[in-house]
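**Q** First the structure, then my questions, so here it is.
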Amino acid sequence: QAVLTGALARHWQVVLLTSRPVWVRRQTLGWLGRHDADVHWDLLIMRPDGDWRSSASFKRDEVRRLAEAGYSVGVTLDDDRRNVAMYRREGLPSIYIHSGYHV
């Protein structure tokens, strides 16, 4: 992942779009800080409190919001095959990254 995100960062802004709830932002930022040599990122988007949509629905809507804000999505990476399928339905190139979290 480090090599891939580093390579992508040379050409694009890296947006971390996670369906983790915002109430774990501090822990997420702590993890990212401990792994800053492994994961390059420019923007972190987390699920707002009280948002119970599926991960795929949340991420689809956020990708659409990014596009409306002028971002051009070059490629997506995800560890959940359902999200990869959603990105592809949206016409976005997507790469599955096995994390061991989702089966």
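Each chain of the structure tokens is named A, B, ... in the order shown, its residues numbered from 1; ligands are numbered from 1 in display order.
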Which polymer residues have any atom within 10 Å of an atom of Leu43 in chain A, counting only C-alpha atoms, with same-chain residues fewer than 5 positions away left out, as an NGL selection string?
**A** :A and (13-17)
**Q** Using backbone DSSP assignments, extract all strand (DSSP E or B) residues from range 11-101 of chain A; output them as a ChimeraX atom specification.
**A** /A:15-21,43-47,76-78,94-96
**Q** What's the 12 Å shell around Ala56 in chain A, counting only C-alpha atoms, without same-chain residues fewer than 5 positions away, as a list in words?
**A**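 Listing them by chain and then by number gives Leu17, Thr18, Ser19, Arg47, Asp61, Glu62, Val63, Asp78, Asp79, Asp80, Arg81, Arg82, Asn83, Val84, Ala85, Met86, Tyr87, Arg88, Arg89 and Glu90 of chain A.
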**Q** How many Å separate CA of Ser94 in chain A from CA of Arg53 in chain A?
**A**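 If I compute the distance from CA of Ser94 in chain A to CA of Arg53 in chain A, I get 20.9 Å.
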**Q** Please, what distance in Å, to one decimal, runs between CA of Arg20 in chain A and CA of Val73 in chain A?
**A** 20.6 Å
